[in-house]
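Pasting run38.cif here (mmCIF, C-alpha atoms and all ligand atoms):
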data_protein
#
loop_
_atom_site.label_atom_id
_atom_site.label_comp_id
_atom_site.auth_asym_id
_atom_site.auth_seq_id
_atom_site.Cartn_x
_atom_site.Cartn_y
_atom_site.Cartn_z
CA MET A 15 81.27 125.84 94.98
CA SER A 16 83.17 128.48 93.01
CA GLN A 17 84.39 127.66 89.50
CA ALA A 18 87.99 127.58 90.72
CA ALA A 19 87.07 125.15 93.49
CA ALA A 20 85.08 122.99 91.05
CA ASP A 21 88.07 122.81 88.69
CA ARG A 22 90.33 121.95 91.55
CA TYR A 23 88.33 118.83 92.32
CA ALA A 24 87.50 117.82 88.74
CA TRP A 25 90.11 115.03 88.95
CA THR A 26 88.09 113.31 91.73
CA GLU A 27 85.11 112.64 89.40
CA PRO A 28 84.63 108.89 88.96
CA ALA A 29 85.69 108.73 85.32
CA VAL A 30 88.54 106.75 83.80
CA GLU A 31 91.12 108.97 82.08
CA ASP A 32 92.96 107.48 79.11
CA LEU A 33 96.56 108.72 79.27
CA GLY A 34 97.65 106.89 76.14
CA ALA A 35 99.84 103.83 75.43
CA GLY A 36 97.72 101.59 77.67
CA VAL A 37 97.93 103.78 80.79
CA TYR A 38 94.71 104.80 82.53
CA ARG A 39 93.98 106.92 85.60
CA ILE A 40 91.17 105.50 87.76
CA PRO A 41 90.26 107.82 90.67
CA LEU A 42 88.78 106.00 93.69
CA PRO A 43 86.78 107.60 96.52
CA LEU A 44 88.17 108.16 100.03
CA PRO A 45 86.29 108.85 103.26
CA MET A 46 88.98 111.28 104.54
CA ASP A 47 88.11 114.97 104.96
CA GLY A 48 91.02 116.53 103.12
CA LEU A 49 91.74 113.94 100.46
CA LYS A 50 88.65 113.25 98.42
CA ALA A 51 90.09 110.59 96.15
CA VAL A 52 93.18 108.60 95.29
CA ASN A 53 94.38 107.83 91.77
CA VAL A 54 95.08 104.25 90.83
CA TYR A 55 96.91 103.87 87.51
CA ALA A 56 96.25 100.87 85.32
CA ILE A 57 98.91 99.72 82.86
CA ALA A 58 97.15 97.39 80.46
CA ASP A 59 98.21 94.86 77.82
CA PRO A 60 96.26 92.09 76.10
CA GLY A 61 97.13 89.59 78.84
CA GLY A 62 96.06 91.59 81.86
CA VAL A 63 96.70 94.68 83.89
CA ASP A 64 99.19 95.97 86.46
CA LEU A 65 98.17 98.65 88.92
CA ILE A 66 100.12 101.44 90.55
CA ASP A 67 98.60 101.80 94.06
CA ALA A 68 95.31 100.21 95.08
CA GLY A 69 93.00 102.49 97.04
CA ILE A 70 91.42 101.98 100.44
CA ALA A 71 89.85 98.69 101.51
CA LEU A 72 86.26 99.95 101.57
CA VAL A 73 83.33 98.80 99.45
CA PRO A 74 82.85 102.05 97.43
CA ALA A 75 86.53 102.04 96.39
CA ARG A 76 86.47 98.37 95.48
CA GLU A 77 83.31 98.82 93.39
CA GLN A 78 84.68 101.84 91.59
CA LEU A 79 87.91 100.03 90.80
CA ALA A 80 85.91 97.11 89.38
CA ALA A 81 83.79 99.53 87.33
CA GLY A 82 86.87 101.41 86.04
CA LEU A 83 88.59 98.19 85.00
CA ARG A 84 85.41 96.96 83.31
CA GLN A 85 85.31 100.17 81.31
CA ILE A 86 88.72 99.37 79.80
CA GLY A 87 87.90 95.69 79.32
CA TYR A 88 89.24 93.99 82.46
CA GLU A 89 88.06 92.54 85.73
CA LEU A 90 89.55 92.56 89.22
CA GLY A 91 90.81 89.02 88.52
CA ASP A 92 92.90 90.35 85.62
CA VAL A 93 95.12 92.36 87.97
CA ARG A 94 98.52 90.66 88.03
CA ASN A 95 100.48 93.14 90.13
CA PHE A 96 99.96 95.94 92.60
CA PHE A 97 103.02 98.18 92.65
CA VAL A 98 102.33 100.24 95.75
CA THR A 99 104.16 103.54 96.35
CA HIS A 100 103.85 103.43 100.15
CA MET A 101 101.98 101.73 102.97
CA HIS A 102 99.38 104.41 103.76
CA ILE A 103 95.88 103.00 104.06
CA ASP A 104 94.57 104.83 100.97
CA HIS A 105 97.26 103.25 98.76
CA TYR A 106 97.92 99.82 100.21
CA SER A 107 94.93 98.32 101.99
CA LEU A 108 92.71 97.42 99.02
CA ALA A 109 95.61 95.49 97.47
CA VAL A 110 95.80 93.30 100.59
CA GLU A 111 92.08 92.70 100.51
CA LEU A 112 91.91 91.84 96.80
CA ARG A 113 94.92 89.52 97.08
CA LYS A 114 92.83 87.24 99.32
CA THR A 115 90.50 86.51 96.42
CA PHE A 116 92.53 87.05 93.29
CA HIS A 117 96.10 86.09 94.25
CA SER A 118 97.60 89.19 92.65
CA VAL A 119 101.18 90.00 93.65
CA ILE A 120 101.86 93.03 95.86
CA SER A 121 105.17 94.88 95.68
CA LEU A 122 106.16 97.53 98.25
CA GLY A 123 109.36 99.43 99.05
CA GLU A 124 111.56 97.47 101.44
CA GLU A 125 112.04 100.42 103.79
CA GLU A 126 108.30 100.27 104.60
CA ARG A 127 108.91 97.11 106.62
CA ALA A 128 109.38 99.07 109.86
CA ASN A 129 106.11 100.92 109.27
CA LEU A 130 104.14 97.71 108.75
CA VAL A 131 105.63 96.16 111.91
CA ALA A 132 104.84 99.29 113.94
CA THR A 133 101.33 99.58 112.46
CA ARG A 134 100.54 95.98 113.40
CA GLU A 135 101.70 96.73 116.96
CA MET A 136 99.52 99.84 116.95
CA VAL A 137 96.34 98.06 115.86
CA ASN A 138 97.00 95.16 118.23
CA GLY A 139 96.83 97.65 121.07
CA ARG A 140 100.50 97.71 122.02
CA GLY A 141 101.12 101.19 120.70
CA ASN A 142 99.30 104.45 120.15
CA ARG A 143 96.16 104.40 118.07
CA PHE A 144 97.20 107.16 115.70
CA PHE A 145 100.33 108.27 113.95
CA GLY A 146 101.98 111.41 115.18
CA ILE A 147 100.76 111.18 118.76
CA ASP A 148 103.63 109.49 120.57
CA GLY A 149 105.79 112.56 120.14
CA LEU A 150 103.27 115.24 121.10
CA HIS A 151 104.45 115.30 124.72
CA ARG A 152 108.01 116.08 123.90
CA LEU A 153 106.90 118.63 121.29
CA GLY A 154 105.20 120.61 124.04
CA ALA A 155 101.67 119.95 122.75
CA LEU A 156 100.03 118.58 125.91
CA GLU A 157 96.84 120.43 125.04
CA LEU A 158 96.50 118.37 121.87
CA VAL A 159 97.10 115.13 123.77
CA THR A 160 94.23 116.05 126.08
CA GLU A 161 91.93 116.91 123.18
CA LEU A 162 92.79 113.68 121.39
CA SER A 163 92.14 111.46 124.38
CA ALA A 164 88.66 112.99 124.63
CA GLN A 165 87.97 111.73 121.12
CA HIS A 166 87.32 108.15 120.23
CA ARG A 167 88.03 108.21 116.58
CA GLN A 168 87.91 104.89 114.85
CA PRO A 169 90.24 104.17 111.98
CA PRO A 170 88.32 104.50 108.69
CA ALA A 171 88.68 100.88 107.63
CA LEU A 172 89.36 97.52 109.17
CA VAL A 173 92.60 96.49 107.62
CA ASP A 174 94.83 93.46 107.74
CA TRP A 175 98.28 94.98 107.64
CA GLU A 176 99.85 91.99 105.96
CA ASP A 177 103.25 92.06 104.33
CA PRO A 178 103.55 92.40 100.57
CA ASP A 179 104.70 89.45 98.44
CA ARG A 180 107.78 91.33 97.38
CA TRP A 181 109.94 93.96 99.06
CA VAL A 182 111.36 96.24 96.37
CA ALA A 183 114.86 97.72 96.72
CA ASP A 184 115.91 101.14 95.45
CA GLY A 185 116.85 101.09 91.79
CA THR A 186 114.99 97.89 90.92
CA ASP A 187 113.84 97.70 87.32
CA LEU A 188 110.33 96.29 87.17
CA ASP A 189 109.75 94.54 83.88
CA LEU A 190 106.15 94.94 82.84
CA ARG A 191 104.96 93.53 79.55
CA THR A 192 104.82 96.92 77.82
CA ARG A 193 107.49 98.92 79.63
CA THR A 194 110.12 98.96 82.34
CA LEU A 195 109.57 100.97 85.50
CA ARG A 196 112.49 102.00 87.67
CA ALA A 197 111.59 101.97 91.38
CA VAL A 198 113.31 104.92 93.05
CA HIS A 199 113.43 105.20 96.85
CA THR A 200 112.12 108.65 97.82
CA PRO A 201 111.85 108.70 101.64
CA GLY A 202 110.14 111.62 103.33
CA HIS A 203 106.38 111.25 103.03
CA THR A 204 107.05 107.81 104.49
CA ARG A 205 110.44 106.20 105.08
CA GLY A 206 109.96 103.61 102.36
CA HIS A 207 108.16 105.59 99.66
CA LEU A 208 108.90 104.62 96.06
CA ILE A 209 108.24 106.44 92.82
CA PHE A 210 108.03 104.48 89.57
CA HIS A 211 109.79 106.16 86.68
CA ASP A 212 109.38 105.22 83.04
CA ALA A 213 112.23 107.12 81.41
CA ALA A 214 111.42 105.87 77.89
CA ALA A 215 107.81 107.09 78.03
CA GLU A 216 108.76 110.18 80.07
CA ILE A 217 106.19 109.54 82.79
CA MET A 218 106.55 109.31 86.56
CA PHE A 219 104.12 107.57 88.90
CA ALA A 220 104.90 109.82 91.85
CA GLY A 221 102.63 108.44 94.60
CA ASP A 222 102.50 111.06 97.37
CA HIS A 223 106.10 112.20 96.90
CA VAL A 224 105.21 114.97 94.44
CA LEU A 225 101.60 116.20 94.46
CA PRO A 226 100.38 118.99 92.16
CA HIS A 227 98.07 120.91 94.54
CA ILE A 228 99.24 120.21 98.07
CA THR A 229 102.51 119.71 99.89
CA PRO A 230 102.80 116.09 101.02
CA SER A 231 102.77 115.50 104.78
CA ILE A 232 106.19 114.50 106.08
CA GLY A 233 106.95 111.45 108.17
CA PHE A 234 103.31 110.70 109.00
CA GLU A 235 103.96 107.06 109.78
CA ALA A 236 103.90 104.42 112.49
CA ALA A 237 107.70 104.28 112.69
CA PRO A 238 108.63 107.97 112.41
CA HIS A 239 112.11 109.40 112.64
CA ARG A 240 113.51 112.83 113.31
CA LEU A 241 115.06 113.58 109.97
CA ALA A 242 112.10 112.79 107.70
CA LEU A 243 112.15 116.31 106.24
CA ARG A 244 115.88 116.19 105.54
CA ASP A 245 115.24 112.89 103.73
CA TYR A 246 112.33 114.43 101.85
CA LEU A 247 114.40 117.39 100.63
CA SER A 248 117.09 114.94 99.46
CA SER A 249 114.43 112.89 97.69
CA LEU A 250 113.19 116.01 95.90
CA ALA A 251 116.76 116.72 94.78
CA ARG A 252 116.99 113.11 93.61
CA THR A 253 113.80 113.53 91.59
CA LEU A 254 115.20 116.66 89.94
CA ALA A 255 118.28 114.69 88.93
CA LEU A 256 116.05 112.32 86.92
CA PRO A 257 114.92 113.52 83.47
CA ASP A 258 111.81 115.69 83.52
CA ALA A 259 108.60 113.70 83.06
CA ARG A 260 104.85 113.94 83.03
CA LEU A 261 103.64 113.90 86.63
CA LEU A 262 101.14 111.12 87.47
CA PRO A 263 100.35 111.80 91.14
CA ALA A 264 98.29 109.78 93.61
CA HIS A 265 96.14 112.79 94.50
CA GLY A 266 95.34 115.50 91.96
CA PRO A 267 95.33 115.79 88.18
CA VAL A 268 98.05 114.64 85.81
CA THR A 269 100.33 117.58 84.97
CA GLY A 270 103.14 118.29 82.55
CA SER A 271 106.37 118.50 84.51
CA THR A 272 107.79 116.82 87.59
CA HIS A 273 110.65 119.33 87.65
CA GLU A 274 108.37 122.35 87.73
CA ARG A 275 106.46 121.01 90.74
CA VAL A 276 109.58 119.80 92.58
CA ASN A 277 111.04 123.31 92.30
CA GLU A 278 107.84 124.74 93.78
CA LEU A 279 107.99 122.26 96.67
CA LEU A 280 111.64 123.09 97.35
CA ALA A 281 110.77 126.81 97.39
CA HIS A 282 107.87 126.12 99.75
CA HIS A 283 110.12 124.35 102.25
CA ASP A 284 112.78 127.07 102.00
CA LEU A 285 110.11 129.58 102.97
CA ARG A 286 108.84 127.36 105.80
CA LEU A 287 112.37 126.90 107.13
CA ALA A 288 112.87 130.69 107.09
CA GLU A 289 109.56 131.31 108.89
CA THR A 290 110.37 128.61 111.45
CA HIS A 291 113.79 130.13 112.03
CA GLN A 292 112.22 133.57 112.54
CA ALA A 293 109.77 132.16 115.08
CA VAL A 294 112.67 130.71 117.10
CA GLN A 295 114.43 134.06 116.84
CA ALA A 296 111.27 135.68 118.25
CA GLY A 297 111.58 133.43 121.32
CA HIS A 298 109.17 130.58 120.54
CA ALA A 299 110.96 127.51 121.81
CA SER A 300 108.89 124.29 121.67
CA PRO A 301 107.62 122.88 118.36
CA TYR A 302 104.08 123.53 119.63
CA GLU A 303 104.80 127.21 120.32
CA VAL A 304 106.53 127.62 116.98
CA ALA A 305 103.60 125.95 115.16
CA LYS A 306 101.22 128.40 116.79
CA ALA A 307 103.39 131.34 115.72
CA ILE A 308 103.33 130.60 111.98
CA LYS A 309 100.52 130.56 109.39
CA TRP A 310 99.13 127.38 107.84
CA THR A 311 97.86 126.19 104.47
CA ARG A 312 97.94 128.23 101.30
CA HIS A 313 95.18 130.35 102.87
CA GLN A 314 97.53 131.55 105.64
CA ARG A 315 95.26 130.27 108.39
CA LEU A 316 95.88 130.61 112.11
CA PHE A 317 96.94 127.42 113.89
CA GLY A 318 93.94 127.68 116.22
CA ASP A 319 91.54 127.64 113.26
CA LEU A 320 92.75 124.25 112.03
CA ASP A 321 90.87 121.08 112.93
CA LEU A 322 92.43 118.83 115.56
CA PHE A 323 93.89 116.35 113.11
CA SER A 324 95.51 119.17 111.10
CA ARG A 325 96.94 120.69 114.28
CA VAL A 326 98.58 117.36 115.17
CA GLN A 327 100.09 117.27 111.70
CA ALA A 328 101.15 120.91 111.90
CA VAL A 329 103.07 120.33 115.15
CA ASN A 330 104.84 117.32 113.69
CA GLU A 331 105.59 119.26 110.51
CA THR A 332 107.05 122.12 112.55
CA ALA A 333 109.22 119.69 114.51
CA ALA A 334 110.51 118.31 111.21
CA HIS A 335 111.50 121.80 110.05
CA LEU A 336 113.19 122.55 113.39
CA GLU A 337 115.23 119.36 113.06
CA VAL A 338 116.46 120.42 109.62
CA LEU A 339 117.46 123.82 111.05
CA ALA A 340 119.29 121.97 113.85
CA VAL A 341 121.14 119.72 111.39
CA ARG A 342 122.15 122.85 109.47
CA GLY A 343 123.49 124.41 112.65
CA GLN A 344 121.01 127.30 112.65
CA VAL A 345 119.29 126.32 115.91
CA THR A 346 120.14 124.07 118.84
CA ARG A 347 117.88 121.72 120.76
CA GLU A 348 117.79 120.96 124.46
CA VAL A 349 115.35 119.05 126.60
CA SER A 350 113.62 120.73 129.55
CA ALA A 351 113.14 119.09 132.96
CA ASP A 352 109.64 117.93 131.98
CA GLY A 353 110.89 116.36 128.76
CA THR A 354 109.85 119.07 126.30
CA GLU A 355 112.20 119.79 123.44
CA LEU A 356 113.19 123.44 123.25
CA TYR A 357 115.01 125.15 120.42
CA GLN A 358 117.02 128.32 120.41
CA MET A 359 119.16 130.26 118.01
CA ALA A 360 122.58 128.73 117.56
CA ALA A 361 125.42 130.90 118.82
CA LEU A 362 127.21 132.51 115.91
CA ALA A 363 130.71 131.34 115.24
CA GLY A 364 133.15 133.60 117.07
CA ASP A 365 130.69 134.54 119.86
ZN ZN B 1 100.32 108.91 101.74
#

So, in terms of structure tokens, how does the structure I just supplied come out?
Amino acid sequence: MSQAAADRYAWTEPAVEDLGAGVYRIPLPLPMDGLKAVNVYAIADPGGVDLIDAGIALVPAREQLAAGLRQIGYELGDVRNFFVTHMHIDHYSLAVELRKTFHSVISLGEEERANLVATREMVNGRGNRFFGIDGLHRLGALELVTELSAQHRQPPALVDWEDPDRWVADGTDLDLRTRTLRAVHTPGHTRGHLIFHDAAAEIMFAGDHVLPHITPSIGFEAAPHRLALRDYLSSLARTLALPDARLLPAHGPVTGSTHERVNELLAHHDLRLAETHQAVQAGHASPYEVAKAIKWTRHQRLFGDLDLFSRVQAVNETAAHLEVLAVRGQVTREVSADGTELYQMAALAGD
């Protein structure tokens, strides 16, 4: 591994990071290809500990959480609260498992309700087995549907998708013993994503809404909706309207400024929207065709060089950008006889 690559993954090392004032970063391992670890943040006081996010319900994550807590003088049974940013398996599932033994209280954004309902339907066999697949037909990506059905991928963990104890509304002030966290609804990555902002301490627990190294996937959820990217861009604007803060992300190292990273993410999506628009102008019509016409990842890779899972995400991501262009009146959408969605340049006013 090059030095740059080694530095890039330094945050995944299983070591507790003391962030000061009773806040600790505890990275937990993940079995996913792209995401090597997830950060759980412990907020400690003499009576116990509250956690932001929980990790995945697998033995290595559970053991590393126990070891991290032990290092700062606590046990799993000392966890009073899990404040979970969103319902993705790598953030939520270990909280559900630990609650069975330790009776800790789980809080989750109230707009995640639809995702939990849809996920339960999915795992009970009444829906598709993976997120992002239902729409592939209409996005023109039949080839991917065929490839996926040839695979029998199992979900990485057996999870009980139980409800949290508490559904948290936008703007709720969470009174912890040492500080108050404002829960701010930031839909986009998922429809019910929350960030937890401590204005007094100038820190933001950003979950997957603002990540330092990668651009968060958009609308990768069991109950997706067309305008997830529009919501995400609004949520970024909302985050910029809050005072600048230290960025405590769920994946990646702690960095100095939420504003700096939000501006980079906004610039990234502006560029993506422009590239998507150009691809439509060049005659690519379905989200699948457009996805194949543009470059992917910060390494400018060809669509065909991505793994299958990334290609599914890329098509969904492209569709999300096309929908924003449609809402802005830059392209129009129609549905072909076989049900594929096709985009074309909007007629200019006065034509
Ligand atoms: Zn996530």

Pick out the residues no farther than 7 Å from ligand ZN 1 (chain B), counting all atoms listed in the file, and list them as a tab-separated table (two decimals) with C-alpha atoms, keeping the file's coordinate frame.
chain	number	residue	atom	x	y	z
A	100	HIS	CA	103.85	103.43	100.15
A	102	HIS	CA	99.38	104.41	103.76
A	203	HIS	CA	106.38	111.25	103.03
A	222	ASP	CA	102.50	111.06	97.37

Quiz prompt | Among the residues A:Glu278, A:Asp187, A:Glu77, A:Asp179, the one that comes closest to Pro226 in chain A [using all atoms listed in the file] | solution = A:Glu278

Quiz prompt | Which of A:Asp321, A:Glu331, A:Glu274, A:Glu161 sits closest to Ala305 in chain A [using all atoms listed in the file] | solution = A:Glu331

Practice problem: For range 240-248 of chain A, list every protein, DNA or RNA residue within 6 Å, evaluated using only C-alpha atoms, and leave out those in the same chain fewer than 3 positions away; present the list as a PyMOL selection string. | Solution: chain A and resi 201-202+233+251+334+338

Save the residues we just selected, C-alpha atoms, as a PDB file, in the frame of the given file?
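File produced: part.pdb:
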ATOM      1  CA  PRO A 201     111.850 108.700 101.640  1.00  0.00           C
ATOM      2  CA  GLY A 202     110.140 111.620 103.330  1.00  0.00           C
ATOM      3  CA  GLY A 233     106.950 111.450 108.170  1.00  0.00           C
ATOM      4  CA  ALA A 251     116.760 116.720  94.780  1.00  0.00           C
ATOM      5  CA  ALA A 334     110.510 118.310 111.210  1.00  0.00           C
ATOM      6  CA  VAL A 338     116.460 120.420 109.620  1.00  0.00           C
TER       7      VAL A 338
END

Exercise. Name all residues at most 9 Å from Gly69 in chain A (count only C-alpha atoms; drop same-chain ones fewer than 3 positions away) and give them as a PyMOL selection string.
Key: chain A and resi 41-44+51-54+72+75-76+79+103-109

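Between CA of Asp64 in chain A and CA of Gly48 in chain A the interatomic distance comes to 27.7 Å.
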
Self-check item: Shell of 12 Å around Ala220 in chain A, all atoms listed in the file, local chain residues under 6 positions omitted, as JSON, numbers by chain
Solution: {"A": [53, 54, 55, 66, 67, 97, 98, 99, 100, 195, 196, 197, 198, 199, 200, 203, 207, 208, 209, 210, 211, 212, 226, 230, 249, 250, 253, 259, 260, 261, 262, 263, 264, 265, 266, 267, 268, 269, 271, 272, 273, 275, 276]}

Same residues, C-alpha atoms, saved as a JSON list (two decimals), in the frame of the given file:
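Dumped to out-v9.json:
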[["chain", "number", "residue", "atom", "x", "y", "z"],
["A", 53, "ASN", "CA", 94.38, 107.83, 91.77],
["A", 54, "VAL", "CA", 95.08, 104.25, 90.83],
["A", 55, "TYR", "CA", 96.91, 103.87, 87.51],
["A", 66, "ILE", "CA", 100.12, 101.44, 90.55],
["A", 67, "ASP", "CA", 98.60, 101.80, 94.06],
["A", 97, "PHE", "CA", 103.02, 98.18, 92.65],
["A", 98, "VAL", "CA", 102.33, 100.24, 95.75],
["A", 99, "THR", "CA", 104.16, 103.54, 96.35],
["A", 100, "HIS", "CA", 103.85, 103.43, 100.15],
["A", 195, "LEU", "CA", 109.57, 100.97, 85.50],
["A", 196, "ARG", "CA", 112.49, 102.00, 87.67],
["A", 197, "ALA", "CA", 111.59, 101.97, 91.38],
["A", 198, "VAL", "CA", 113.31, 104.92, 93.05],
["A", 199, "HIS", "CA", 113.43, 105.20, 96.85],
["A", 200, "THR", "CA", 112.12, 108.65, 97.82],
["A", 203, "HIS", "CA", 106.38, 111.25, 103.03],
["A", 207, "HIS", "CA", 108.16, 105.59, 99.66],
["A", 208, "LEU", "CA", 108.90, 104.62, 96.06],
["A", 209, "ILE", "CA", 108.24, 106.44, 92.82],
["A", 210, "PHE", "CA", 108.03, 104.48, 89.57],
["A", 211, "HIS", "CA", 109.79, 106.16, 86.68],
["A", 212, "ASP", "CA", 109.38, 105.22, 83.04],
["A", 226, "PRO", "CA", 100.38, 118.99, 92.16],
["A", 230, "PRO", "CA", 102.80, 116.09, 101.02],
["A", 249, "SER", "CA", 114.43, 112.89, 97.69],
["A", 250, "LEU", "CA", 113.19, 116.01, 95.90],
["A", 253, "THR", "CA", 113.80, 113.53, 91.59],
["A", 259, "ALA", "CA", 108.60, 113.70, 83.06],
["A", 260, "ARG", "CA", 104.85, 113.94, 83.03],
["A", 261, "LEU", "CA", 103.64, 113.90, 86.63],
["A", 262, "LEU", "CA", 101.14, 111.12, 87.47],
["A", 263, "PRO", "CA", 100.35, 111.80, 91.14],
["A", 264, "ALA", "CA", 98.29, 109.78, 93.61],
["A", 265, "HIS", "CA", 96.14, 112.79, 94.50],
["A", 266, "GLY", "CA", 95.34, 115.50, 91.96],
["A", 267, "PRO", "CA", 95.33, 115.79, 88.18],
["A", 268, "VAL", "CA", 98.05, 114.64, 85.81],
["A", 269, "THR", "CA", 100.33, 117.58, 84.97],
["A", 271, "SER", "CA", 106.37, 118.50, 84.51],
["A", 272, "THR", "CA", 107.79, 116.82, 87.59],
["A", 273, "HIS", "CA", 110.65, 119.33, 87.65],
["A", 275, "ARG", "CA", 106.46, 121.01, 90.74],
["A", 276, "VAL", "CA", 109.58, 119.80, 92.58]]

Exercise. Would you please work out which residue, of A:Leu156, A:Ala214, A:Ile70, A:Leu279, is nearest to Thr354 in chain A when using all atoms listed in the file?
Key: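 Using all atoms listed in the file, Thr354 in chain A sits closest to A:Leu156.
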
Self-check item: Nearby residues (all atoms listed in the file) at most 12 Å from His298 in chain A, same-chain spacing under 6 positions excluded, as an MDAnalysis selection string
Solution: chainID A and resid 154 289:292 304:308 332 336 345 355:359

Serialized selection, C-alpha atoms, as a short mmCIF file (atom, residue, chain, number, x, y, z; two decimals), keeping the file's coordinate frame:
data_model
loop_
_atom_site.label_atom_id
_atom_site.label_comp_id
_atom_site.auth_asym_id
_atom_site.auth_seq_id
_atom_site.Cartn_x
_atom_site.Cartn_y
_atom_site.Cartn_z
CA GLY A 154 105.20 120.61 124.04
CA GLU A 289 109.56 131.31 108.89
CA THR A 290 110.37 128.61 111.45
CA HIS A 291 113.79 130.13 112.03
CA GLN A 292 112.22 133.57 112.54
CA VAL A 304 106.53 127.62 116.98
CA ALA A 305 103.60 125.95 115.16
CA LYS A 306 101.22 128.40 116.79
CA ALA A 307 103.39 131.34 115.72
CA ILE A 308 103.33 130.60 111.98
CA THR A 332 107.05 122.12 112.55
CA LEU A 336 113.19 122.55 113.39
CA VAL A 345 119.29 126.32 115.91
CA GLU A 355 112.20 119.79 123.44
CA LEU A 356 113.19 123.44 123.25
CA TYR A 357 115.01 125.15 120.42
CA GLN A 358 117.02 128.32 120.41
CA MET A 359 119.16 130.26 118.01
#

Quiz item: Please, what distance in Å, to one decimal, runs between CA of Gly36 in chain A and CA of Leu65 in chain A?
Solution: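 Going from CA of Gly36 in chain A over to CA of Leu65 in chain A covers 11.6 Å.
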
Could N, CA and C atoms be built for range 34-49 of chain A and written out as a PDB file, in the coordinates of the input?
ATOM      1  N   GLY A  34      96.929 107.327  77.330  1.00  0.00           N
ATOM      2  CA  GLY A  34      97.650 106.890  76.140  1.00  0.00           C
ATOM      3  C   GLY A  34      98.578 105.716  76.418  1.00  0.00           C
ATOM      4  N   ALA A  35      98.887 104.957  75.366  1.00  0.00           N
ATOM      5  CA  ALA A  35      99.840 103.830  75.430  1.00  0.00           C
ATOM      6  C   ALA A  35      99.464 102.821  76.523  1.00  0.00           C
ATOM      7  N   GLY A  36      98.162 102.617  76.733  1.00  0.00           N
ATOM      8  CA  GLY A  36      97.720 101.590  77.670  1.00  0.00           C
ATOM      9  C   GLY A  36      97.766 101.995  79.121  1.00  0.00           C
ATOM     10  N   VAL A  37      97.917 103.296  79.404  1.00  0.00           N
ATOM     11  CA  VAL A  37      97.930 103.780  80.790  1.00  0.00           C
ATOM     12  C   VAL A  37      96.633 104.528  81.070  1.00  0.00           C
ATOM     13  N   TYR A  38      95.991 104.186  82.163  1.00  0.00           N
ATOM     14  CA  TYR A  38      94.710 104.800  82.530  1.00  0.00           C
ATOM     15  C   TYR A  38      94.762 105.279  83.971  1.00  0.00           C
ATOM     16  N   ARG A  39      94.123 106.420  84.222  1.00  0.00           N
ATOM     17  CA  ARG A  39      93.980 106.920  85.600  1.00  0.00           C
ATOM     18  C   ARG A  39      92.570 106.579  86.072  1.00  0.00           C
ATOM     19  N   ILE A  40      92.471 105.880  87.195  1.00  0.00           N
ATOM     20  CA  ILE A  40      91.170 105.500  87.760  1.00  0.00           C
ATOM     21  C   ILE A  40      91.072 106.100  89.165  1.00  0.00           C
ATOM     22  N   PRO A  41      90.390 107.237  89.331  1.00  0.00           N
ATOM     23  CA  PRO A  41      90.260 107.820  90.670  1.00  0.00           C
ATOM     24  C   PRO A  41      89.267 107.028  91.518  1.00  0.00           C
ATOM     25  N   LEU A  42      89.637 106.748  92.774  1.00  0.00           N
ATOM     26  CA  LEU A  42      88.780 106.000  93.690  1.00  0.00           C
ATOM     27  C   LEU A  42      88.429 106.870  94.892  1.00  0.00           C
ATOM     28  N   PRO A  43      87.211 106.726  95.415  1.00  0.00           N
ATOM     29  CA  PRO A  43      86.780 107.600  96.520  1.00  0.00           C
ATOM     30  C   PRO A  43      87.475 107.270  97.840  1.00  0.00           C
ATOM     31  N   LEU A  44      87.607 108.301  98.678  1.00  0.00           N
ATOM     32  CA  LEU A  44      88.170 108.160 100.030  1.00  0.00           C
ATOM     33  C   LEU A  44      87.224 108.797 101.032  1.00  0.00           C
ATOM     34  N   PRO A  45      87.160 108.252 102.232  1.00  0.00           N
ATOM     35  CA  PRO A  45      86.290 108.850 103.260  1.00  0.00           C
ATOM     36  C   PRO A  45      86.988 109.950 104.061  1.00  0.00           C
ATOM     37  N   MET A  46      88.258 110.272 103.747  1.00  0.00           N
ATOM     38  CA  MET A  46      88.980 111.280 104.540  1.00  0.00           C
ATOM     39  C   MET A  46      88.505 112.681 104.173  1.00  0.00           C
ATOM     40  N   ASP A  47      88.577 113.610 105.174  1.00  0.00           N
ATOM     41  CA  ASP A  47      88.110 114.970 104.960  1.00  0.00           C
ATOM     42  C   ASP A  47      88.890 115.678 103.857  1.00  0.00           C
ATOM     43  N   GLY A  48      90.204 115.721 104.018  1.00  0.00           N
ATOM     44  CA  GLY A  48      91.020 116.530 103.120  1.00  0.00           C
ATOM     45  C   GLY A  48      91.204 115.916 101.748  1.00  0.00           C
ATOM     46  N   LEU A  49      91.466 114.617 101.726  1.00  0.00           N
ATOM     47  CA  LEU A  49      91.740 113.940 100.460  1.00  0.00           C
ATOM     48  C   LEU A  49      90.463 113.274  99.972  1.00  0.00           C
TER      49      LEU A  49
END
